[in-house]
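The data block below is entry19.txt; it holds compact mmCIF, C-alpha atoms.
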```
# COMPACT_ATOMS: atom_id res chain seq x y z
CA MET D 1 -63.76 2.94 -51.63
CA SER D 2 -60.45 4.29 -52.84
CA VAL D 3 -59.52 5.24 -56.36
CA GLY D 4 -57.32 2.56 -57.86
CA VAL D 5 -53.65 3.34 -57.93
CA LEU D 6 -51.23 2.13 -60.52
CA SER D 7 -47.83 1.72 -59.00
CA THR D 8 -45.71 4.36 -60.69
CA GLU D 9 -42.61 2.98 -59.01
CA ASP D 10 -43.04 -0.31 -60.86
CA GLN D 11 -43.21 1.47 -64.21
CA HIS D 12 -40.05 2.05 -66.17
CA CYS D 13 -39.20 5.71 -66.56
CA ALA D 14 -37.64 6.28 -69.96
CA TYR D 15 -35.98 9.54 -68.87
CA GLU D 16 -34.39 8.05 -65.73
CA LYS D 17 -30.87 7.83 -67.19
CA LEU D 18 -30.90 11.57 -67.76
CA SER D 19 -32.60 12.54 -64.49
CA GLU D 20 -33.95 10.36 -61.71
CA TYR D 21 -35.51 13.48 -60.18
CA PHE D 22 -37.65 13.92 -63.29
CA CYS D 23 -39.16 10.49 -62.67
CA GLU D 24 -39.74 11.20 -58.98
CA TYR D 25 -41.53 14.49 -59.73
CA VAL D 26 -43.78 12.83 -62.30
CA GLN D 27 -44.57 9.98 -59.91
CA ASP D 28 -45.30 12.48 -57.13
CA ALA D 29 -47.68 14.41 -59.40
CA TYR D 30 -49.56 11.21 -60.12
CA GLN D 31 -49.77 10.29 -56.42
CA VAL D 32 -51.07 13.73 -55.44
CA ASN D 33 -53.94 13.34 -57.89
CA VAL D 34 -54.75 9.93 -56.43
CA HIS D 35 -54.88 11.46 -52.93
CA VAL D 36 -57.16 14.23 -54.19
CA MET D 37 -59.52 11.77 -55.88
CA ASN D 38 -59.73 9.69 -52.69
CA LYS D 39 -60.72 12.77 -50.67
CA LEU D 40 -63.54 13.82 -53.02
CA LYS D 41 -66.56 12.57 -51.08
CA PRO D 42 -69.45 11.99 -51.37
CA LYS D 43 -68.34 10.30 -54.59
CA GLU D 44 -71.60 10.87 -56.46
CA LEU D 45 -71.12 14.65 -56.19
CA PHE D 46 -67.61 14.44 -57.63
CA ASP D 47 -68.00 11.84 -60.39
CA GLU D 48 -67.08 14.23 -63.21
CA ASP D 49 -64.19 15.75 -61.28
CA THR D 50 -62.79 12.33 -60.43
CA LYS D 51 -63.09 11.32 -64.08
CA ARG D 52 -61.20 14.45 -65.23
CA LEU D 53 -58.46 13.91 -62.64
CA SER D 54 -58.17 10.26 -63.66
CA GLU D 55 -57.77 11.32 -67.30
CA ALA D 56 -55.16 13.88 -66.25
CA ASN D 57 -53.34 11.10 -64.41
CA GLN D 58 -53.28 8.98 -67.55
CA SER D 59 -51.57 11.89 -69.31
CA ILE D 60 -49.12 12.21 -66.43
CA LEU D 61 -48.23 8.50 -66.70
CA GLU D 62 -47.44 9.01 -70.39
CA LEU D 63 -44.54 11.24 -69.31
CA LEU D 64 -42.80 8.20 -67.83
CA LYS D 65 -42.76 6.53 -71.25
CA LYS D 66 -41.02 9.35 -73.12
CA ALA D 67 -37.32 10.10 -73.45
CA ALA D 68 -37.04 12.32 -76.53
CA LEU D 69 -37.47 16.03 -75.84
CA SER D 70 -40.00 16.51 -78.64
CA ASP D 71 -42.12 13.63 -77.29
CA LEU D 72 -41.83 14.94 -73.74
CA LEU D 73 -42.97 18.41 -74.79
CA ILE D 74 -46.08 16.94 -76.42
CA ALA D 75 -46.77 14.80 -73.34
CA PHE D 76 -46.24 17.75 -70.99
CA GLU D 77 -48.61 19.88 -73.04
CA LYS D 78 -51.29 17.20 -72.75
CA ALA D 79 -50.66 16.57 -69.05
CA LEU D 80 -50.63 20.24 -68.04
CA THR D 81 -53.70 20.99 -70.16
CA ALA D 82 -55.63 18.09 -68.63
CA GLU D 83 -54.52 18.95 -65.10
CA LEU D 84 -55.32 22.66 -65.43
CA GLN D 85 -58.75 21.90 -66.87
CA ALA D 86 -59.52 19.38 -64.12
CA MET D 87 -58.29 21.78 -61.46
CA LEU D 88 -60.24 24.77 -62.78
CA LYS D 89 -63.46 22.75 -63.17
CA LEU D 90 -63.14 21.40 -59.63
CA LYS D 91 -62.33 24.87 -58.29
CA ALA D 92 -65.44 26.27 -60.02
CA TYR D 93 -67.60 23.42 -58.70
CA CYS D 94 -66.28 23.89 -55.17
CA SER D 95 -66.90 27.64 -55.18
CA GLY D 96 -70.61 27.06 -55.78
CA GLU D 97 -71.09 23.93 -53.70
CA SER D 98 -73.39 24.10 -50.66
CA HIS D 99 -73.49 20.42 -49.62
CA LYS D 100 -71.74 20.22 -46.22
CA GLU D 101 -69.66 17.11 -46.93
CA ALA D 102 -68.72 18.33 -50.41
CA LYS D 103 -67.57 21.69 -48.99
CA LYS D 104 -65.44 19.80 -46.47
CA ALA D 105 -63.88 17.74 -49.28
CA CYS D 106 -63.25 20.86 -51.37
CA LYS D 107 -61.44 22.51 -48.48
CA ALA D 108 -59.38 19.37 -47.87
CA VAL D 109 -58.08 19.22 -51.46
CA ARG D 110 -57.71 22.93 -52.25
CA ASP D 111 -53.93 23.10 -51.84
CA GLU D 112 -53.25 19.58 -53.07
CA LEU D 113 -54.76 20.51 -56.43
CA GLY D 114 -51.95 22.97 -56.99
CA GLU D 115 -49.30 20.54 -55.83
CA THR D 116 -49.70 18.38 -58.95
CA ILE D 117 -48.93 21.41 -61.13
CA GLU D 118 -45.93 22.25 -58.96
CA GLU D 119 -44.57 18.70 -59.29
CA LEU D 120 -44.99 18.81 -63.08
CA ILE D 121 -43.13 22.13 -63.22
CA HIS D 122 -40.33 20.64 -61.12
CA ALA D 123 -40.16 17.77 -63.63
CA ILE D 124 -39.89 20.24 -66.51
CA THR D 125 -36.92 21.92 -64.83
CA GLU D 126 -35.15 18.54 -65.00
CA LEU D 127 -35.37 18.36 -68.80
CA GLU D 128 -32.21 18.85 -70.79
CA ILE D 129 -33.17 22.05 -72.52
CA ALA D 130 -31.00 25.01 -73.28
CA GLN D 131 -30.72 27.05 -70.09
CA ASN D 132 -31.39 30.26 -71.95
CA SER D 133 -34.49 28.91 -73.69
CA THR D 134 -37.88 30.46 -73.10
CA LEU D 135 -39.18 27.24 -71.54
CA ALA D 136 -36.26 27.01 -69.09
CA ARG D 137 -36.69 30.65 -68.10
CA VAL D 138 -40.48 30.39 -67.69
CA ALA D 139 -40.23 27.11 -65.74
CA ASN D 140 -37.68 28.68 -63.40
CA ASP D 141 -39.87 31.79 -63.01
CA ALA D 142 -42.84 29.52 -62.23
CA TYR D 143 -40.75 27.70 -59.65
CA MET D 144 -39.92 31.08 -58.09
CA GLN D 145 -43.66 31.91 -57.92
CA PHE D 146 -44.11 28.84 -55.72
CA GLU D 147 -41.09 29.85 -53.65
CA GLY D 148 -42.65 33.31 -53.26
CA PHE D 149 -45.78 31.69 -51.90
CA TYR D 150 -43.81 29.58 -49.42
CA PHE D 151 -41.77 32.52 -48.17
CA GLY D 152 -44.69 34.94 -47.97
CA THR D 153 -43.69 37.26 -50.80
CA GLN D 154 -46.53 36.05 -53.04
CA SER D 155 -49.98 37.45 -52.19
CA ASN D 156 -51.99 34.92 -54.24
CA SER D 157 -53.36 31.69 -52.81
CA TYR D 158 -51.39 28.52 -53.53
CA LEU D 159 -54.06 27.35 -55.97
CA ASN D 160 -53.96 30.65 -57.87
CA VAL D 161 -50.15 30.50 -57.99
CA ALA D 162 -50.45 26.99 -59.45
CA VAL D 163 -52.95 28.13 -62.10
CA LEU D 164 -50.82 31.12 -63.12
CA ALA D 165 -47.55 29.19 -63.09
CA GLY D 166 -49.08 26.20 -64.89
CA THR D 167 -50.58 28.42 -67.58
CA ASP D 168 -47.30 30.27 -68.10
CA VAL D 169 -45.38 27.00 -68.44
CA LEU D 170 -48.01 25.51 -70.76
CA ASN D 171 -47.72 28.52 -73.07
CA ALA D 172 -43.91 28.22 -73.00
CA ILE D 173 -44.16 24.52 -73.88
CA ILE D 174 -46.33 25.34 -76.88
CA TYR D 175 -43.78 27.97 -77.94
CA GLN D 176 -40.85 25.57 -77.38
CA ARG D 177 -42.58 22.85 -79.42
CA GLU D 178 -42.89 25.27 -82.33
CA ILE D 179 -39.17 26.02 -82.13
CA VAL D 180 -38.28 22.31 -82.03
CA LYS D 181 -40.62 21.67 -84.96
CA ASP D 182 -39.11 24.54 -86.98
CA HIS D 183 -35.58 23.24 -86.38
CA ALA D 184 -36.62 19.75 -87.47
CA ASN D 185 -37.93 21.07 -90.80
```
Final structure tokens representation of the file:
Amino acid sequence: MSVGVLSTEDQHCAYEKLSEYFCEYVQDAYQVNVHVMNKLKPKELFDEDTKRLSEANQSILELLKKAALSDLLIAFEKALTAELQAMLKLKAYCSGESHKEAKKACKAVRDELGETIEELIHAITELEIAQNSTLARVANDAYMQFEGFYFGTQSNSYLNVAVLAGTDVLNAIIYQREIVKDHAN
């Protein structure tokens, strides 16, 4: 039985007028999580992980509804936090799992787990933020970490690159939100 999929393509993307790529990256992040959830078998061993990924996907879908930068930063903070937590919990579970089918599922989704983070970071690079801002710089650096992995200059595994890059970007979002909040006051 497959995890239910909401059609992200049928949903209006509030940020589409500013960047259609933003919408595509967010939709791709959602779809990757769906693929991961469908590969987590036997289901009874992955109930909690599937629940966490589903909750992360709900946060990802919220990104499609936002257009204002301040709202997007809040939504990205929630989505990245939920995704990183789900990914780290699943990674921890998989490292201690001895059930043959569960180990097979863990191996099958290992790299896909990081792909959701990468797609979210790509989406962040599409935001209209000052190019010299901390968030823009950190998001671009995170993107380069993934490029380093692809071109063999990064010694970490893809999943570790995703965790490090996702954490860096999450911290930059928190910092950027504080700046936006201070300017609003």
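Take the candidates D:Tyr175, D:Phe151, D:Phe46, D:Phe146 and check each one against Val163 of chain D using all atoms listed in the file; the shortest distance goes to D:Phe146.
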Practice task
Please identify all polymer residues within 12 Å of Leu18 of chain D, counting all atoms listed in the file, omitting same-chain residues fewer than 4 positions from it, and present them as a count of residues only.
Solution key: 13
Problem - Exercise: Leu45 of chain D partners within 10 Å, all atoms listed in the file, chain neighbours under 4 positions left out, as a list in words - result: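 In the requested format, the answer is Leu40, Lys41, Asp49, Thr50, Tyr93, Glu97, His99, Glu101 and Ala102 of chain D.
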Practice task
Considering all atoms listed in the file, return as a ChimeraX atom specification whatever protein or nucleic-acid residues lie within 6 Å of segment 27-29 of chain D, sequence-local ones (same chain, fewer than 2 positions apart) excluded.
Solution key: /D:8,24-25,31-32,116,119
Practice task
Go ahead and find all residues with at least one atom no further than 9 Å from (-38.2, 25.7, -69.8) in the file's coordinates, using all atoms listed in the file; report them as a PyMOL selection string.
Solution key: chain D and resi 121+124-125+127+129-140+169+172-173+176
Exercise for the section: Between D:Ile117, D:Lys91, D:His122, D:Asp182, single out the one closest to Ala165 of chain D, counting only C-alpha atoms. Expected result: D:Ile117
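Here atom CA of Gly114 of chain D is placed at a distance of 9.1 Å from atom CA of Leu84 of chain D.
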Exercise for the section: Calculate how many Å separate atom CA of Asn171 of chain D from atom CA of Val109 of chain D, rounding to one decimal. Expected result: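 These atoms are spaced 25.7 Å apart.
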Completion exercise
re atom CA of Ala82 of chain D and atom CA of Ser54 of chain D: distance 9.6 Å
Practice task
Counting all atoms listed in the file, figure out which residue out of D:Thr167, D:Arg177, D:Leu64, D:Ala75 gets nearest to Ala142 of chain D.
Solution key: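 Among the listed residues, the smallest separation from Ala142 of chain D belongs to D:Thr167.
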Problem - Closest of D:Ile60, D:Ala86, D:Ile74, D:Tyr15 to Met37 of chain D - atom-to-atom distances counting all atoms listed in the file - result: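 Residue with the minimum atom-to-atom distance to Met37 of chain D: D:Ala86.
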Could you model N, CA and C atoms for segment 115-136 of chain D and present them as a PDB file, in the frame of the given file?
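The result, stored in selection21.pdb:
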```
ATOM      1  N   GLU D 115     -50.548  21.285 -56.002  1.00  0.00           N
ATOM      2  CA  GLU D 115     -49.300  20.540 -55.830  1.00  0.00           C
ATOM      3  C   GLU D 115     -48.954  19.702 -57.060  1.00  0.00           C
ATOM      4  N   THR D 116     -49.967  19.162 -57.732  1.00  0.00           N
ATOM      5  CA  THR D 116     -49.700  18.380 -58.950  1.00  0.00           C
ATOM      6  C   THR D 116     -49.023  19.259 -59.997  1.00  0.00           C
ATOM      7  N   ILE D 117     -49.535  20.472 -60.171  1.00  0.00           N
ATOM      8  CA  ILE D 117     -48.930  21.410 -61.130  1.00  0.00           C
ATOM      9  C   ILE D 117     -47.495  21.718 -60.716  1.00  0.00           C
ATOM     10  N   GLU D 118     -47.285  21.957 -59.436  1.00  0.00           N
ATOM     11  CA  GLU D 118     -45.930  22.250 -58.960  1.00  0.00           C
ATOM     12  C   GLU D 118     -44.980  21.090 -59.254  1.00  0.00           C
ATOM     13  N   GLU D 119     -45.421  19.872 -59.018  1.00  0.00           N
ATOM     14  CA  GLU D 119     -44.570  18.700 -59.290  1.00  0.00           C
ATOM     15  C   GLU D 119     -44.254  18.591 -60.782  1.00  0.00           C
ATOM     16  N   LEU D 120     -45.238  18.862 -61.631  1.00  0.00           N
ATOM     17  CA  LEU D 120     -44.990  18.810 -63.080  1.00  0.00           C
ATOM     18  C   LEU D 120     -43.988  19.881 -63.501  1.00  0.00           C
ATOM     19  N   ILE D 121     -44.089  21.066 -62.906  1.00  0.00           N
ATOM     20  CA  ILE D 121     -43.130  22.130 -63.220  1.00  0.00           C
ATOM     21  C   ILE D 121     -41.733  21.740 -62.756  1.00  0.00           C
ATOM     22  N   HIS D 122     -41.637  21.137 -61.576  1.00  0.00           N
ATOM     23  CA  HIS D 122     -40.330  20.640 -61.120  1.00  0.00           C
ATOM     24  C   HIS D 122     -39.762  19.640 -62.131  1.00  0.00           C
ATOM     25  N   ALA D 123     -40.612  18.755 -62.639  1.00  0.00           N
ATOM     26  CA  ALA D 123     -40.160  17.770 -63.630  1.00  0.00           C
ATOM     27  C   ALA D 123     -39.640  18.458 -64.882  1.00  0.00           C
ATOM     28  N   ILE D 124     -40.323  19.500 -65.319  1.00  0.00           N
ATOM     29  CA  ILE D 124     -39.890  20.240 -66.510  1.00  0.00           C
ATOM     30  C   ILE D 124     -38.511  20.841 -66.300  1.00  0.00           C
ATOM     31  N   THR D 125     -38.239  21.321 -65.090  1.00  0.00           N
ATOM     32  CA  THR D 125     -36.920  21.920 -64.830  1.00  0.00           C
ATOM     33  C   THR D 125     -35.799  20.886 -64.898  1.00  0.00           C
ATOM     34  N   GLU D 126     -36.145  19.614 -64.893  1.00  0.00           N
ATOM     35  CA  GLU D 126     -35.150  18.540 -65.000  1.00  0.00           C
ATOM     36  C   GLU D 126     -34.845  18.160 -66.451  1.00  0.00           C
ATOM     37  N   LEU D 127     -35.610  18.679 -67.397  1.00  0.00           N
ATOM     38  CA  LEU D 127     -35.370  18.360 -68.800  1.00  0.00           C
ATOM     39  C   LEU D 127     -34.070  18.986 -69.277  1.00  0.00           C
ATOM     40  N   GLU D 128     -33.430  18.308 -70.202  1.00  0.00           N
ATOM     41  CA  GLU D 128     -32.210  18.850 -70.790  1.00  0.00           C
ATOM     42  C   GLU D 128     -32.573  19.794 -71.925  1.00  0.00           C
ATOM     43  N   ILE D 129     -32.867  21.014 -71.531  1.00  0.00           N
ATOM     44  CA  ILE D 129     -33.170  22.050 -72.520  1.00  0.00           C
ATOM     45  C   ILE D 129     -32.168  23.178 -72.318  1.00  0.00           C
ATOM     46  N   ALA D 130     -31.956  23.912 -73.366  1.00  0.00           N
ATOM     47  CA  ALA D 130     -31.000  25.010 -73.280  1.00  0.00           C
ATOM     48  C   ALA D 130     -31.394  25.935 -72.124  1.00  0.00           C
ATOM     49  N   GLN D 131     -30.425  26.255 -71.279  1.00  0.00           N
ATOM     50  CA  GLN D 131     -30.720  27.050 -70.090  1.00  0.00           C
ATOM     51  C   GLN D 131     -31.209  28.453 -70.408  1.00  0.00           C
ATOM     52  N   ASN D 132     -30.913  28.938 -71.586  1.00  0.00           N
ATOM     53  CA  ASN D 132     -31.390  30.260 -71.950  1.00  0.00           C
ATOM     54  C   ASN D 132     -32.664  30.204 -72.789  1.00  0.00           C
ATOM     55  N   SER D 133     -33.260  29.024 -72.904  1.00  0.00           N
ATOM     56  CA  SER D 133     -34.490  28.910 -73.690  1.00  0.00           C
ATOM     57  C   SER D 133     -35.657  29.534 -72.944  1.00  0.00           C
ATOM     58  N   THR D 134     -36.674  29.888 -73.692  1.00  0.00           N
ATOM     59  CA  THR D 134     -37.880  30.460 -73.100  1.00  0.00           C
ATOM     60  C   THR D 134     -38.496  29.500 -72.095  1.00  0.00           C
ATOM     61  N   LEU D 135     -38.571  28.223 -72.443  1.00  0.00           N
ATOM     62  CA  LEU D 135     -39.180  27.240 -71.540  1.00  0.00           C
ATOM     63  C   LEU D 135     -38.393  27.141 -70.230  1.00  0.00           C
ATOM     64  N   ALA D 136     -37.075  27.089 -70.306  1.00  0.00           N
ATOM     65  CA  ALA D 136     -36.260  27.010 -69.090  1.00  0.00           C
ATOM     66  C   ALA D 136     -36.479  28.243 -68.220  1.00  0.00           C
TER      67      ALA D 136
END
```
